[in-house]
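A.B. asks: Just input-v5.tsv, nothing more (TSV, N, CA and C atoms):
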chain	number	residue	atom	x	y	z
A	602	ASP	N	93.04	92.74	77.19
A	602	ASP	CA	92.56	91.99	78.33
A	602	ASP	C	92.58	92.88	79.57
A	603	LEU	N	92.08	92.36	80.67
A	603	LEU	CA	91.96	93.16	81.89
A	603	LEU	C	93.31	93.63	82.40
A	604	GLU	N	94.30	92.76	82.40
A	604	GLU	CA	95.64	93.12	82.89
A	604	GLU	C	96.21	94.29	82.08
A	605	GLU	N	96.04	94.25	80.78
A	605	GLU	CA	96.53	95.32	79.91
A	605	GLU	C	95.78	96.62	80.18
A	606	ALA	N	94.46	96.52	80.35
A	606	ALA	CA	93.65	97.71	80.61
A	606	ALA	C	94.06	98.37	81.93
A	607	LEU	N	94.30	97.57	82.97
A	607	LEU	CA	94.66	98.13	84.27
A	607	LEU	C	96.08	98.68	84.30
A	608	ALA	N	96.90	98.33	83.31
A	608	ALA	CA	98.26	98.84	83.22
A	608	ALA	C	98.34	100.12	82.39
A	609	ASP	N	97.21	100.62	81.92
A	609	ASP	CA	97.19	101.83	81.10
A	609	ASP	C	97.85	103.00	81.84
A	610	PRO	N	98.73	103.75	81.19
A	610	PRO	CA	99.42	104.87	81.84
A	610	PRO	C	98.46	105.92	82.43
A	611	GLN	N	97.33	106.16	81.79
A	611	GLN	CA	96.38	107.14	82.33
A	611	GLN	C	95.79	106.67	83.66
A	612	LEU	N	95.50	105.38	83.75
A	612	LEU	CA	94.99	104.84	85.01
A	612	LEU	C	96.04	104.95	86.11
A	613	THR	N	97.28	104.71	85.76
A	613	THR	CA	98.37	104.86	86.73
A	613	THR	C	98.48	106.30	87.19
A	614	HIS	N	98.47	107.22	86.24
A	614	HIS	CA	98.58	108.65	86.55
A	614	HIS	C	97.43	109.11	87.45
A	615	ARG	N	96.23	108.63	87.21
A	615	ARG	CA	95.06	109.02	87.99
A	615	ARG	C	94.89	108.20	89.27
A	616	GLU	N	95.86	107.30	89.55
A	616	GLU	CA	95.82	106.44	90.73
A	616	GLU	C	94.51	105.65	90.81
A	617	MET	N	94.10	105.11	89.67
A	617	MET	CA	92.87	104.34	89.61
A	617	MET	C	93.10	102.88	90.01
A	618	VAL	N	94.35	102.45	90.01
A	618	VAL	CA	94.72	101.14	90.52
A	618	VAL	C	95.85	101.39	91.52
A	619	VAL	N	95.63	100.96	92.76
A	619	VAL	CA	96.63	101.19	93.80
A	619	VAL	C	97.06	99.84	94.37
A	620	GLU	N	98.29	99.79	94.84
A	620	GLU	CA	98.78	98.57	95.49
A	620	GLU	C	98.88	98.82	96.98
A	621	LEU	N	98.31	97.91	97.74
A	621	LEU	CA	98.30	98.02	99.20
A	621	LEU	C	98.79	96.71	99.80
A	622	GLU	N	99.22	96.78	101.04
A	622	GLU	CA	99.67	95.58	101.75
A	622	GLU	C	98.49	94.96	102.49
A	623	HIS	N	98.12	93.76	102.10
A	623	HIS	CA	97.04	93.04	102.77
A	623	HIS	C	97.66	92.18	103.87
A	624	PRO	N	97.05	92.12	105.06
A	624	PRO	CA	97.66	91.38	106.17
A	624	PRO	C	97.84	89.88	105.92
A	625	THR	N	97.03	89.29	105.05
A	625	THR	CA	97.13	87.85	104.78
A	625	THR	C	97.76	87.57	103.42
A	626	LEU	N	97.40	88.35	102.43
A	626	LEU	CA	97.81	88.08	101.05
A	626	LEU	C	99.08	88.79	100.61
A	627	GLY	N	99.56	89.74	101.41
A	627	GLY	CA	100.71	90.52	100.99
A	627	GLY	C	100.26	91.65	100.07
A	628	PRO	N	101.09	92.03	99.10
A	628	PRO	CA	100.70	93.13	98.21
A	628	PRO	C	99.52	92.75	97.31
A	629	VAL	N	98.51	93.61	97.29
A	629	VAL	CA	97.35	93.40	96.42
A	629	VAL	C	97.05	94.70	95.68
A	630	ARG	N	96.52	94.56	94.49
A	630	ARG	CA	96.09	95.73	93.71
A	630	ARG	C	94.58	95.82	93.79
A	631	GLN	N	94.08	97.06	93.96
A	631	GLN	CA	92.65	97.28	93.96
A	631	GLN	C	92.37	98.63	93.35
A	632	LEU	N	91.09	98.87	93.05
A	632	LEU	CA	90.70	100.12	92.42
A	632	LEU	C	90.86	101.28	93.40
A	633	GLY	N	91.27	102.43	92.86
A	633	GLY	CA	91.41	103.63	93.66
A	633	GLY	C	90.12	104.43	93.66
A	634	VAL	N	90.21	105.66	94.15
A	634	VAL	CA	89.05	106.55	94.21
A	634	VAL	C	88.85	107.20	92.84
A	635	PRO	N	87.68	107.03	92.23
A	635	PRO	CA	87.48	107.53	90.87
A	635	PRO	C	87.31	109.05	90.77
A	636	ILE	N	86.81	109.68	91.83
A	636	ILE	CA	86.55	111.13	91.77
A	636	ILE	C	87.64	111.85	92.54
A	637	LYS	N	88.32	112.76	91.89
A	637	LYS	CA	89.40	113.50	92.51
A	637	LYS	C	88.97	114.96	92.67
A	638	LEU	N	88.93	115.44	93.90
A	638	LEU	CA	88.61	116.83	94.18
A	638	LEU	C	89.91	117.57	94.52
A	639	ARG	N	90.07	118.76	94.01
A	639	ARG	CA	91.31	119.50	94.19
A	639	ARG	C	91.66	119.68	95.66
A	640	GLU	N	90.70	120.11	96.46
A	640	GLU	CA	90.95	120.37	97.87
A	640	GLU	C	90.99	119.10	98.72
A	641	HIS	N	90.25	118.09	98.32
A	641	HIS	CA	90.13	116.85	99.09
A	641	HIS	C	90.19	115.67	98.13
A	642	PRO	N	91.38	115.29	97.66
A	642	PRO	CA	91.46	114.25	96.64
A	642	PRO	C	91.10	112.85	97.12
A	643	GLY	N	91.14	112.61	98.41
A	643	GLY	CA	90.82	111.27	98.91
A	643	GLY	C	91.86	110.26	98.51
A	644	GLY	N	91.67	109.06	98.89
A	644	GLY	CA	92.61	108.00	98.55
A	644	GLY	C	92.24	106.73	99.29
A	645	VAL	N	92.86	105.65	98.89
A	645	VAL	CA	92.63	104.36	99.52
A	645	VAL	C	93.76	104.15	100.53
A	646	ARG	N	93.39	103.95	101.80
A	646	ARG	CA	94.38	103.81	102.85
A	646	ARG	C	94.56	102.38	103.33
A	647	ALA	N	93.62	101.52	103.02
A	647	ALA	CA	93.67	100.14	103.49
A	647	ALA	C	93.04	99.23	102.45
A	648	PRO	N	93.44	97.97	102.43
A	648	PRO	CA	92.81	97.05	101.47
A	648	PRO	C	91.35	96.82	101.84
A	649	ALA	N	90.58	96.42	100.86
A	649	ALA	CA	89.17	96.11	101.10
A	649	ALA	C	89.06	95.01	102.15
A	650	PRO	N	88.10	95.10	103.04
A	650	PRO	CA	87.97	94.04	104.06
A	650	PRO	C	87.46	92.75	103.43
A	651	ALA	N	87.83	91.66	104.05
A	651	ALA	CA	87.32	90.36	103.60
A	651	ALA	C	85.84	90.27	103.97
A	652	LEU	N	85.11	89.47	103.25
A	652	LEU	CA	83.69	89.28	103.52
A	652	LEU	C	83.52	88.81	104.96
A	653	GLY	N	82.75	89.54	105.74
A	653	GLY	CA	82.49	89.18	107.12
A	653	GLY	C	83.53	89.68	108.12
A	654	GLU	N	84.55	90.36	107.66
A	654	GLU	CA	85.64	90.80	108.54
A	654	GLU	C	85.15	91.71	109.66
A	655	ALA	N	84.19	92.56	109.38
A	655	ALA	CA	83.73	93.53	110.38
A	655	ALA	C	82.35	93.17	110.95
A	656	THR	N	81.92	91.93	110.79
A	656	THR	CA	80.58	91.53	111.23
A	656	THR	C	80.33	91.85	112.70
A	657	ARG	N	81.21	91.39	113.57
A	657	ARG	CA	81.02	91.62	115.00
A	657	ARG	C	80.99	93.11	115.33
A	658	GLU	N	81.93	93.85	114.78
A	658	GLU	CA	82.00	95.29	115.06
A	658	GLU	C	80.72	95.99	114.60
A	659	LEU	N	80.28	95.70	113.39
A	659	LEU	CA	79.10	96.38	112.85
A	659	LEU	C	77.83	96.00	113.59
A	660	LEU	N	77.68	94.73	113.93
A	660	LEU	CA	76.51	94.33	114.70
A	660	LEU	C	76.53	94.95	116.09
A	661	GLY	N	77.71	95.06	116.67
A	661	GLY	CA	77.84	95.74	117.96
A	661	GLY	C	77.43	97.19	117.88
A	662	ARG	N	77.86	97.87	116.82
A	662	ARG	CA	77.47	99.28	116.62
A	662	ARG	C	75.97	99.41	116.42
A	663	ALA	N	75.36	98.36	115.86
A	663	ALA	CA	73.91	98.39	115.61
A	663	ALA	C	73.11	98.07	116.87
A	664	GLY	N	73.80	97.78	117.98
A	664	GLY	CA	73.11	97.57	119.24
A	664	GLY	C	73.01	96.13	119.70
A	665	TYR	N	73.55	95.18	118.95
A	665	TYR	CA	73.50	93.79	119.36
A	665	TYR	C	74.59	93.52	120.41
A	666	ASP	N	74.26	92.74	121.45
A	666	ASP	CA	75.28	92.38	122.43
A	666	ASP	C	75.98	91.10	121.97
A	667	ASP	N	77.05	90.72	122.70
A	667	ASP	CA	77.85	89.56	122.28
A	667	ASP	C	77.01	88.28	122.18
A	668	GLY	N	76.08	88.07	123.10
A	668	GLY	CA	75.24	86.88	123.06
A	668	GLY	C	74.36	86.84	121.82
A	669	GLU	N	73.79	87.98	121.48
A	669	GLU	CA	72.95	88.05	120.27
A	669	GLU	C	73.78	87.82	119.02
A	670	ILE	N	74.97	88.39	119.00
A	670	ILE	CA	75.85	88.20	117.83
A	670	ILE	C	76.24	86.73	117.71
A	671	ASP	N	76.59	86.10	118.82
A	671	ASP	CA	76.93	84.66	118.78
A	671	ASP	C	75.76	83.85	118.25
A	672	ARG	N	74.54	84.18	118.66
A	672	ARG	CA	73.35	83.46	118.19
A	672	ARG	C	73.18	83.64	116.69
A	673	LEU	N	73.32	84.87	116.20
A	673	LEU	CA	73.18	85.13	114.76
A	673	LEU	C	74.22	84.35	113.96
A	674	LEU	N	75.43	84.29	114.49
A	674	LEU	CA	76.49	83.54	113.81
A	674	LEU	C	76.17	82.05	113.82
A	675	ALA	N	75.73	81.53	114.95
A	675	ALA	CA	75.42	80.10	115.08
A	675	ALA	C	74.26	79.70	114.16
A	676	GLU	N	73.30	80.60	113.97
A	676	GLU	CA	72.15	80.30	113.12
A	676	GLU	C	72.43	80.54	111.64
A	677	GLY	N	73.61	81.07	111.33
A	677	GLY	CA	73.96	81.33	109.94
A	677	GLY	C	73.34	82.58	109.37
A	678	VAL	N	72.76	83.41	110.24
A	678	VAL	CA	72.16	84.67	109.79
A	678	VAL	C	73.25	85.68	109.43
A	679	ALA	N	74.35	85.61	110.17
A	679	ALA	CA	75.51	86.47	109.91
A	679	ALA	C	76.72	85.55	109.79
A	680	ALA	N	77.79	86.08	109.23
A	680	ALA	CA	79.00	85.28	109.04
A	680	ALA	C	80.23	86.10	109.36
A	681	VAL	N	81.27	85.42	109.70
A	681	VAL	CA	82.56	86.08	109.94
A	681	VAL	C	83.52	85.63	108.85
A	682	THR	N	84.66	86.25	108.82
A	682	THR	CA	85.66	86.00	107.79
A	682	THR	C	86.07	84.55	107.71
A	683	GLN	N	86.12	84.06	106.51
A	683	GLN	CA	86.69	82.75	106.22
A	683	GLN	C	88.10	82.98	105.71
A	684	PRO	N	88.99	82.00	105.88
A	684	PRO	CA	90.35	82.18	105.34
A	684	PRO	C	90.30	82.49	103.84
A	685	ILE	N	91.13	83.41	103.42
A	685	ILE	CA	91.17	83.77	102.01
A	685	ILE	C	92.51	83.40	101.42
A	686	GLU	N	92.51	83.13	100.14
A	686	GLU	CA	93.73	82.76	99.44
A	686	GLU	C	93.87	83.60	98.19
A	687	ARG	N	95.09	83.79	97.77
A	687	ARG	CA	95.36	84.52	96.54
A	687	ARG	C	94.94	83.64	95.34
A	688	ILE	N	94.21	84.23	94.41
A	688	ILE	CA	93.80	83.52	93.20
A	688	ILE	C	94.97	83.57	92.22
A	689	PRO	N	95.38	82.42	91.69
A	689	PRO	CA	96.53	82.41	90.77
A	689	PRO	C	96.23	83.13	89.48
Please express the file's structure as structure tokens.
C.D. replies:
Amino acid sequence: DLEEALADPQLTHREMVVELEHPTLGPVRQLGVPIKLREHPGGVRAPAPALGEATRELLGRAGYDDGEIDRLLAEGVAAVTQPIERIP
């Protein structure tokens, strides 16, 4: 099953599954970086963002002002983060 596959010692050794602290959910496991380069191995430094978590920031970077972003949100064109829960 999936739990057994993700517990494989080779995956642990290659840091293919990492545990990070999520601000809402606490400790969560997620996939690591699959390609490891000797000089620049990379790594996962933060948990994956929730759907819509960076909407305002990204739209702002794209040139939208606060009023335009509010309009897009009100019209349902864009969305912001909804509360998330841990799946049992």
A.B. asks: Using only N, CA and C atoms, can you tell me which of A:Glu654, A:Glu622, A:Glu616, A:Asp671 comes closest to Val634 of chain A?
C.D. replies: A:Glu616
A.B. asks: Can you list every residue in chain A that DSSP puts in strand (DSSP E), as JSON, numbers by chain?
C.D. replies: {"A": [618, 619, 620, 621, 622, 623, 627, 628, 629, 630, 631, 632]}
A.B. asks: Of the candidates A:Ala647, A:Ala608, A:Ala679, A:Leu603, which one gets nearest to His623 of chain A if we count all atoms listed in the file?
C.D. replies: A:Ala647
A.B. asks: Applying 12 Å and only C-alpha atoms, which residues near Val645 of chain A remain after dropping the ones on its own chain fewer than 4 positions away? List them as a list in words.
C.D. replies: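 The residues that qualify are Glu616, Met617, Val618, Val619, Glu620, Leu621, Glu622, Arg630, Gln631, Leu632, Gly633, Val634, Pro635, Ile636, Lys637 and Ala649 of chain A.
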A.B. asks: Contacts of Ile670 of chain A at 10 Å or less, counting only C-alpha atoms, minus same-chain residues fewer than 2 places along, as number ranges by chain?
C.D. replies: A: 656-658, 660-661, 664-668, 672-676, 678-680
A.B. asks: Grab all the atoms of segment 640-646 of chain A that the file lists, wrap them in a box along x, y and z, add 5 Å per side, and give me centre plus edge lengths in Å (one decimal) as AutoDock Vina command-line options.
C.D. replies:
--center_x 92.3 --center_y 111.4 --center_z 99.9 --size_x 14.4 --size_y 28.0 --size_z 16.9
A.B. asks: My list of candidates is A:Ala663, A:Leu626, A:Val681, A:Leu612. Which is closest to Ala651 of chain A when distances are computed with only N, CA and C atoms?
C.D. replies: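 Result for the nearest residue to Ala651 of chain A: A:Val681.
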A.B. asks: For atom CA of His641 of chain A and atom CA of Gln611 of chain A, determine how far apart the two atoms are, in Å to one decimal place.
C.D. replies: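 Spanning atom CA of His641 of chain A to atom CA of Gln611 of chain A is a straight-line distance of 20.4 Å.
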A.B. asks: Report, in Å with one decimal, the straight-line distance from atom CA of Pro628 of chain A to atom CA of Arg615 of chain A.
C.D. replies: 19.7 Å
A.B. asks: Where in chain A does DSSP assign helix (DSSP H, G or I), given as a ChimeraX atom specification?
C.D. replies: /A:603-607,610-614,656-662,667-675
A.B. asks: My list of candidates is A:Leu659, A:Leu607, A:Leu652, A:Val629. Which is closest to Thr682 of chain A when distances are computed with all atoms listed in the file?
C.D. replies: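 Of all the options, A:Leu652 lies closest to Thr682 of chain A.
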A.B. asks: By how many Å are atom CA of Pro624 of chain A and atom CA of Arg646 of chain A apart?
C.D. replies: 13.3 Å
